[in-house]
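Here the structure is laid out as structure tokens; the discussion comes afterwards.
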Protein chains: 2
Amino acid sequence: MNASVNRQILLVEKPVGKLGHEHFRMSDAAIPEPKDGEALVRVHYISLDAANRAWMHGATYRAAVEANSVMAGGGIGEVVASKADGLKAGDIVFGDTGWQDYAAIPAKHLTRMPKLEPMTHLLSVFGIAGLTAYFGLLDVAKPKPGETVAVSAAAGSVGSIVGQIARIKGCRVVGIAGGKDKCDWLTSELGFDAAVDYKDGAVFKALRAAAPKGIDVYFDNVGGDILEACLPLMNNRGRISCCGAISQYDGAPQATGPRGVPGLIVVKRLIMQGFIVMDFMDQRDKALSDLQSWVSSGKLKVQEDIINGLENTPKALIGLLAGENRGKRMIKL
Amino acid sequence: MNASVNRQILLVEKPVGKLGHEHFRMSDAAIPEPKDGEALVRVHYISLDAANRAWMHGATYRAAVEANSVMAGGGIGEVVASKADGLKAGDIVFGDTGWQDYAAIPAKHLTRMPKLEPMTHLLSVFGIAGLTAYFGLLDVAKPKPGETVAVSAAAGSVGSIVGQIARIKGCRVVGIAGGKDKCDWLTSELGFDAAVDYKDGAVFKALRAAAPKGIDVYFDNVGGDILEACLPLMNNRGRISCCGAISQYDGAPQATGPRGVPGLIVVKRLIMQGFIVMDFMDQRDKALSDLQSWVSSGKLKVQEDIINGLENTPKALIGLLAGENRGKRMIKL
């Protein structure tokens with residue numbers, strides 16, 4: 001990192017089909033001056049999330065990302081200059097820094113974070129990923145001990161935590177992930193009761209075998225065919241926590257939705273509920289306290305996938321959309 | 001009705017495509033003798049419901065109907081002989097009488113009904129249709145005054161009551177129905193704020209115009225394209241009460257589900273919840289008391305569509321599936 005230059009990665013064009021390297025470009029800019037109410041943040045880690053790709057489709061819970069601007073993304077950094085009350089140089093903050101070395105951001109859009117080691121935990125288990133898993137499982141799906149919980153993208157940043165929390169809560173846990181290595185890791189390292197390799201075909205049959213008493217809670221990170229496969233296996237009064245639809249992000253908008261909606265929703269009295277982690281921020285302290293105690297007691301294992309270098313951010317996101325990562329992927333600047 | 005013969009309508013074959021007259025056959029049987037614990041019921045009115053067709057696809061919240069047996073269906077009748085405690089000749093009961101003049105039914109599968117005039121109200125507003133509308137709207141979707149409620153199959157037995165209850169609760173109500181006559185009836189007679197004719201094409205545009213502040217509650221009777229059209233118009237934290245999927249019943253199983261599931265469920269934090277009216281039967285008295293007071297005060301208009309003659313039951317169901325009826329369709333024996 002050159003101390004006088006702000007390296008940035010721009011989204012030069014919104015992808016129509018699959019996201020590729022050609023949609024990004026590196027560029028050098030001046031390090032910005034913070035305005036009144038802003039802090040200048042030196043970015044240490046950039047979070048990579050499937051949602052980054054979804055933002056390119058249009059406005060969601062945030063504005064769409066636009067072509068020819070710095071690619072948006074969450075990041076953890078250190079305040080190096082501040083013109084905002086309540087933030088001073090040396091503070092560690094989380095915010096939408098974008099894919100760049102430095103960002104001047106209004107203090108109201110930054111969250112001051114505790115100083116803990118490793119700092120990466122602020123993006124993984126104690127960050128959006130961990131809180132998403134916590135609230136989406138416990139507050140949205142409300143699993144009961146003895147119930148069967150299935151989770152897709154189970155080796156990913158959110159899914160790997162969902163499954164472990166479900167185990168902590170006394171549930172039988174079935175993970176759905178791509179590839180034998182990930183599946184073995186889920187059962188041998190993370191304590192999942194069973195894992196289904198969706199790349200192995202016949203997801204429905206494998207799921208049925210892995211969940212002989214049916215599925216009470218399905219934590220859906222992917223939508224599409226996997227959601228469709230889970231629906232007939234849901235038990236009456238089951239809950240589907242709709243967290244994301246990764247299968248639909250990297251390409252043109254989906255042509256169809258999953259069969260069984262709404263027929264099986266009716267017959268099985270299912271609840272499908274979407275959520276955004278920000279809606280639960282008033283309960284953040286309780287969640288972090290639980291997550292911290294589980295991590296320190298060893299009940300919750302933290303898996304991170306850290307890639308070095310701002311210049312590798314596009315490649316890291318493209319790889320994440322292809323299912324390369326295990327646990328929370330991030331870029332170290 | 002010949003006093004010594006039990007006329008029955010059999011389902012001779014389960015339809016693969018559309019339901020037709022060829023799938024039914026009339027037959028004469030002896031009037032059954034009630035066994036211990038059973039009552040013999042002389043059927044007065046048979047309820048026609050889109051769900052009758054759904055039962056032919058397989059087990060749902062009830063066993064599938066089977067070929068070469070009396071077609072299943074709810075009915076209101078009078079006990080003419082009883083070998084069951086708690087039921088005596090002259091009692092009015094509701095149960096799955098099937099499509100026939102007489103049925104011997106275990107008392108535990110019959111519900112004793114109040115004697116009120118017209119008796120047909122026991123199948124419409126004070127029957128399954130009214131209770132489905134009541135619980136599905138108020139307990140599942142929980143509309144708040146000032147919210148916009150959309151309902152499909154709005155001129156049907158359930159939809160016409162849903163819309164009126166939503167009006168009573170201070171909501172803006174948009175009905176979706178087939179044809180200008182039904183739509184005019186919804187707005188001019190039932191007090192709906194707007195109606196959208198789905199046969200007129202461009203449902204999404206018409207809905208958007210009819211719900212300028214978006215949809216907070218969608219009471220879904222139909223699934224399919226109409227559900228798909230409503231999803232993008234839902235406001236954040238909207239609720240979709242999944243009551244039925246009429247659009248999917250009369251033909252082969254659906255090839256695809258609605259687009260927007262689960263993507264829009266996530267982004268808009270929607271809740272889709274399926275329900276079966278039987279789940280709410282512990283609150284039946286409260287519901288009936290509300291419905292009765294609304295009917296007697298004129299706030300809730302009861303629309304019935306009564307067809308004479310057991311022999312016309314197949315035709316009446318086939319017509320109902322094609323959207324012929326307005327309000328609760330039933331057969332008078």
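We label chains A, B, ... in the order they appear in the structure tokens, count residues from 1 in each chain, and number ligands from 1 in the order shown.
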- Message: Using only C-alpha atoms, I'd like every residue of chain B that has an atom within 10 Å of chain A; please write them out as a ChimeraX atom specification.
- Response: /B:54,59-62,220-224,227-228,236-237,239-246,248-249,253-276,279
- Extract, using only C-alpha atoms, all DNA, RNA and protein residues at most 9 Å from Lys180 of chain A, discarding same-chain residues fewer than 2 positions from it, and format them as number ranges by chain. A: 177-178, 182-185, 196-197, 199-200
Selection from above, N, CA and C atoms, as a compact mmCIF listing (two decimals), in the first residue's frame, can you write it?
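out00.txt, written as the output of this step:
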```txt
# COMPACT_ATOMS: atom_id res chain seq x y z
N ALA A 177 -23.87 -28.96 0.83
CA ALA A 177 -22.70 -28.23 0.34
C ALA A 177 -22.22 -28.89 -0.95
N GLY A 178 -21.31 -28.22 -1.62
CA GLY A 178 -20.83 -28.71 -2.91
C GLY A 178 -19.49 -29.42 -2.80
N LYS A 182 -15.94 -30.65 1.32
CA LYS A 182 -16.72 -29.77 2.20
C LYS A 182 -17.64 -30.60 3.08
N CYS A 183 -18.26 -31.60 2.47
CA CYS A 183 -19.21 -32.42 3.24
C CYS A 183 -18.48 -33.17 4.37
N ASP A 184 -17.33 -33.72 4.05
CA ASP A 184 -16.56 -34.41 5.09
C ASP A 184 -16.19 -33.45 6.21
N TRP A 185 -15.80 -32.26 5.83
CA TRP A 185 -15.41 -31.24 6.83
C TRP A 185 -16.60 -30.91 7.75
N VAL A 196 -24.99 -33.42 2.71
CA VAL A 196 -25.44 -33.83 1.37
C VAL A 196 -24.64 -33.03 0.35
N ASP A 197 -24.02 -33.74 -0.57
CA ASP A 197 -23.24 -33.11 -1.62
C ASP A 197 -24.15 -32.84 -2.81
N LYS A 199 -23.55 -31.55 -5.56
CA LYS A 199 -22.93 -31.78 -6.86
C LYS A 199 -22.98 -33.26 -7.25
N ASP A 200 -23.38 -34.08 -6.31
CA ASP A 200 -23.42 -35.51 -6.53
C ASP A 200 -24.75 -35.94 -7.17
```
- Message: Would you pick out the contacts of Leu288 of chain A at 8 Å or less, using only C-alpha atoms, so that residues sharing its chain but fewer than 3 positions from it are not included, and give the list as a list in words?
- Response: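 Contacts, with the query itself left out: Phe126, Leu131, Arg284, Asp285, Leu291 and Gln292 of chain A.
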Can you write out the residues you just picked, keeping N, CA and C atoms, as an mmCIF file, in the first residue's frame?
```cif
data_model
loop_
_atom_site.group_PDB
_atom_site.id
_atom_site.type_symbol
_atom_site.label_atom_id
_atom_site.label_comp_id
_atom_site.auth_asym_id
_atom_site.auth_seq_id
_atom_site.Cartn_x
_atom_site.Cartn_y
_atom_site.Cartn_z
ATOM 1 N N PHE A 126 -18.115 -12.632 14.511
ATOM 2 C CA PHE A 126 -18.712 -11.513 15.247
ATOM 3 C C PHE A 126 -19.176 -10.404 14.304
ATOM 4 N N LEU A 131 -23.818 -12.836 12.893
ATOM 5 C CA LEU A 131 -25.110 -12.304 13.346
ATOM 6 C C LEU A 131 -26.247 -12.775 12.446
ATOM 7 N N ARG A 284 -28.192 -6.922 19.118
ATOM 8 C CA ARG A 284 -26.837 -7.297 18.746
ATOM 9 C C ARG A 284 -25.981 -7.696 19.959
ATOM 10 N N ASP A 285 -26.116 -6.991 21.045
ATOM 11 C CA ASP A 285 -25.260 -7.256 22.206
ATOM 12 C C ASP A 285 -25.468 -8.661 22.758
ATOM 13 N N LEU A 291 -22.326 -15.538 20.975
ATOM 14 C CA LEU A 291 -21.328 -16.013 20.005
ATOM 15 C C LEU A 291 -19.946 -16.060 20.658
ATOM 16 N N GLN A 292 -19.623 -15.026 21.443
ATOM 17 C CA GLN A 292 -18.305 -14.998 22.084
ATOM 18 C C GLN A 292 -18.126 -16.153 23.060
#
```
- Choose the residue, out of A:Leu11, A:Ala202, A:Met281, A:Ala81, that has the smallest atom-to-atom separation from Asn52 of chain A; count only C-alpha atoms.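 Closest candidate: A:Leu11.
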- Return as number ranges by chain the full set of residues in segment 182-289 of chain A whose backbone-based DSSP assignment is alpha helix (DSSP H). A: 182-188, 203-210, 224-230, 263-267, 284-289
Just write the chosen residues, C-alpha atoms, as an mmCIF file, in the first residue's frame.
```cif
data_model
loop_
_atom_site.group_PDB
_atom_site.id
_atom_site.type_symbol
_atom_site.label_atom_id
_atom_site.label_comp_id
_atom_site.auth_asym_id
_atom_site.auth_seq_id
_atom_site.Cartn_x
_atom_site.Cartn_y
_atom_site.Cartn_z
ATOM 1 C CA LYS A 182 -16.720 -29.772 2.196
ATOM 2 C CA CYS A 183 -19.205 -32.422 3.243
ATOM 3 C CA ASP A 184 -16.561 -34.413 5.092
ATOM 4 C CA TRP A 185 -15.409 -31.244 6.827
ATOM 5 C CA LEU A 186 -18.959 -30.466 7.979
ATOM 6 C CA THR A 187 -19.421 -33.821 9.646
ATOM 7 C CA SER A 188 -15.901 -34.489 10.901
ATOM 8 C CA VAL A 203 -30.237 -34.087 -3.868
ATOM 9 C CA PHE A 204 -33.801 -34.992 -2.912
ATOM 10 C CA LYS A 205 -33.010 -38.650 -2.289
ATOM 11 C CA ALA A 206 -29.846 -37.872 -0.381
ATOM 12 C CA LEU A 207 -31.660 -35.291 1.727
ATOM 13 C CA ARG A 208 -34.473 -37.710 2.475
ATOM 14 C CA ALA A 209 -31.955 -40.259 3.661
ATOM 15 C CA ALA A 210 -30.109 -37.668 5.747
ATOM 16 C CA GLY A 224 -33.697 -22.521 -6.622
ATOM 17 C CA ASP A 225 -33.428 -26.286 -6.974
ATOM 18 C CA ILE A 226 -32.242 -26.894 -3.428
ATOM 19 C CA LEU A 227 -35.199 -25.018 -1.976
ATOM 20 C CA GLU A 228 -37.425 -27.011 -4.304
ATOM 21 C CA ALA A 229 -35.874 -30.258 -3.063
ATOM 22 C CA CYS A 230 -36.370 -29.303 0.574
ATOM 23 C CA GLY A 263 -49.010 -25.618 -2.760
ATOM 24 C CA LEU A 264 -46.766 -27.229 -0.184
ATOM 25 C CA ILE A 265 -46.703 -24.063 1.915
ATOM 26 C CA VAL A 266 -50.459 -24.441 2.306
ATOM 27 C CA VAL A 267 -50.720 -28.156 2.869
ATOM 28 C CA ARG A 284 -26.837 -7.297 18.746
ATOM 29 C CA ASP A 285 -25.260 -7.256 22.206
ATOM 30 C CA LYS A 286 -27.044 -10.386 23.326
ATOM 31 C CA ALA A 287 -26.083 -12.162 20.113
ATOM 32 C CA LEU A 288 -22.432 -11.174 20.338
ATOM 33 C CA SER A 289 -22.285 -12.263 23.944
#
```
- Item | Nearest candidate to Leu300 of chain A (options A:Val80, A:Leu317, A:Val125, A:Met278; using only C-alpha atoms) | A:Val125
- Item | Which of B:Ile176, B:Val151, B:Ile161, B:Leu110 sits closest to Gly130 of chain B [using only C-alpha atoms] |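 Closest candidate: B:Ile161.
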- Do you have the atom CA of Leu40 of chain B-atom CA of Lys328 of chain B distance handy?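 Between atom CA of Leu40 of chain B and atom CA of Lys328 of chain B the gap is 25.6 Å.
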- Item | Those of segment 3-213 of chain B in DSSP strand (DSSP E), formatted as a ChimeraX atom specification | /B:5-11,24-30,38-47,69-70,75-82,92-95,102-106,111-113,148-152,172-177,194-197
- Would you kindly return, as a list of chain:residue names, each protein, DNA or RNA residue with an atom no farther than 8 Å from any atom of segment 111-113 of chain A, considering only C-alpha atoms and excluding same-chain residues fewer than 2 positions away? A:Leu87, A:Asp91, A:Ile92, A:Val93, A:Phe94, A:Gly95, A:Ala107, A:Lys108, A:His109, A:Lys115, A:Leu122
- Can you tell me, as a PyMOL selection string, what residues are no more than 10 Å from Asp96 of chain A when counting only C-alpha atoms, ignoring any on the same chain fewer than 6 positions away? chain A and resi 46-47+71-76+103+105+109-110
Export of prior selection with C-alpha atoms as a PDB file, in the first residue's frame:
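Final output, saved to out.pdb:
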```
ATOM      1  CA  ILE A  46     -12.768  -6.422   2.860  1.00  0.00           C
ATOM      2  CA  SER A  47     -15.657  -8.814   3.277  1.00  0.00           C
ATOM      3  CA  MET A  71     -17.327  -1.525  -6.007  1.00  0.00           C
ATOM      4  CA  ALA A  72     -19.326  -1.582  -2.796  1.00  0.00           C
ATOM      5  CA  GLY A  73     -18.515  -3.954   0.016  1.00  0.00           C
ATOM      6  CA  GLY A  74     -18.233  -4.167   3.749  1.00  0.00           C
ATOM      7  CA  GLY A  75     -14.864  -3.668   5.343  1.00  0.00           C
ATOM      8  CA  ILE A  76     -13.066  -3.405   8.647  1.00  0.00           C
ATOM      9  CA  ALA A 103     -12.617   5.606   2.383  1.00  0.00           C
ATOM     10  CA  ILE A 105     -17.386   7.814   5.353  1.00  0.00           C
ATOM     11  CA  HIS A 109     -22.644   4.877   8.577  1.00  0.00           C
ATOM     12  CA  LEU A 110     -19.787   3.378  10.583  1.00  0.00           C
TER      13      LEU A 110
END
```
- Message: Would you compute the distance between atom CA of Thr132 of chain A and atom CA of Val277 of chain A? Give it in Å to one decimal.
- Response: 5.2 Å
- Go through B:Gly327, B:Gly238, B:Gly201, B:Gly17 one by one, measure the shortest atom-to-atom distance of each to Phe219 of chain B using only C-alpha atoms, and give the residue with the smallest value. B:Gly238
